[in-house]
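In what follows, a single structure is set out as structure tokens and then discussed.
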Amino acid sequence: EAATDDSPDDFFRDRVDDPQTLRPRVVLLRARPAGGLTAAPAARELALAHDAPISELEPEEGVELEALAELIATTDFAAVYLALASA
């Protein structure tokens, strides 16, 4: 059976007119723990328990201040992109 233009199974349909469904996503910013203790496993379990996709960002090796600056820069870029997208 061929899919019609309005069918969600139609690969070639124009998705611009489809309603956008917003889904939360957990973004875990991880710094290297000094004492080896981390909340990352608990955060992963919690996100998975709520069927929320999760992304983990960890800075590259380097000085602690540089690693934290890298994480802050990532959140700054994300904030700018969200502001541009909502304008």
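Quick note on naming: the chains in the structure tokens go A, B, ... in the order shown, residues restart at 1 in each chain, and ligands are numbered from 1 in order of appearance.
Shell of A:Glu60 at 9 Å, with only C-alpha atoms counted and residues fewer than 6 places along the chain excluded, is Glu66, Ala67 and Glu70 of chain A.
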Once DSSP has gone over the backbone, tell me which residues of stretch 39-77 of chain A are in strand (DSSP E or B), as an mmCIF file with C-alpha atoms, in the first residue's frame.
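Saved as out10.cif:
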data_model
loop_
_atom_site.group_PDB
_atom_site.id
_atom_site.type_symbol
_atom_site.label_atom_id
_atom_site.label_comp_id
_atom_site.auth_asym_id
_atom_site.auth_seq_id
_atom_site.Cartn_x
_atom_site.Cartn_y
_atom_site.Cartn_z
ATOM 1 C CA ILE A 54 21.214 12.479 27.693
ATOM 2 C CA SER A 55 24.355 14.107 26.324
ATOM 3 C CA GLU A 56 27.584 14.211 28.263
ATOM 4 C CA LEU A 57 30.226 16.855 27.764
#
Between A:Glu64, A:Thr21, A:Gly36, A:Val27, which one has atoms that come closest to A:Ala52, using only C-alpha atoms?
A:Val27
Write out as a list in words which residues come within 10 Å of A:Leu29 when counting only C-alpha atoms, dropping same-chain ones fewer than 4 positions away.
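Residues near the query, excluding close chain neighbours: Ala40, Ser55, Glu56, Leu57, Glu58, Pro59, Leu68, Leu71, Ile72, Thr74 and Thr75 of chain A.
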What residues in chain A get the DSSP label alpha helix (DSSP H)? Please answer as a PyMOL selection string.
chain A and resi 40-49+64-86
From the options A:Leu28, A:Ala83, A:Leu65, A:Val16, which residue's atoms come nearest to A:Ala42, counting only C-alpha atoms?
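Nearest candidate to A:Ala42 out of A:Leu28, A:Ala83, A:Leu65, A:Val16: A:Leu28.
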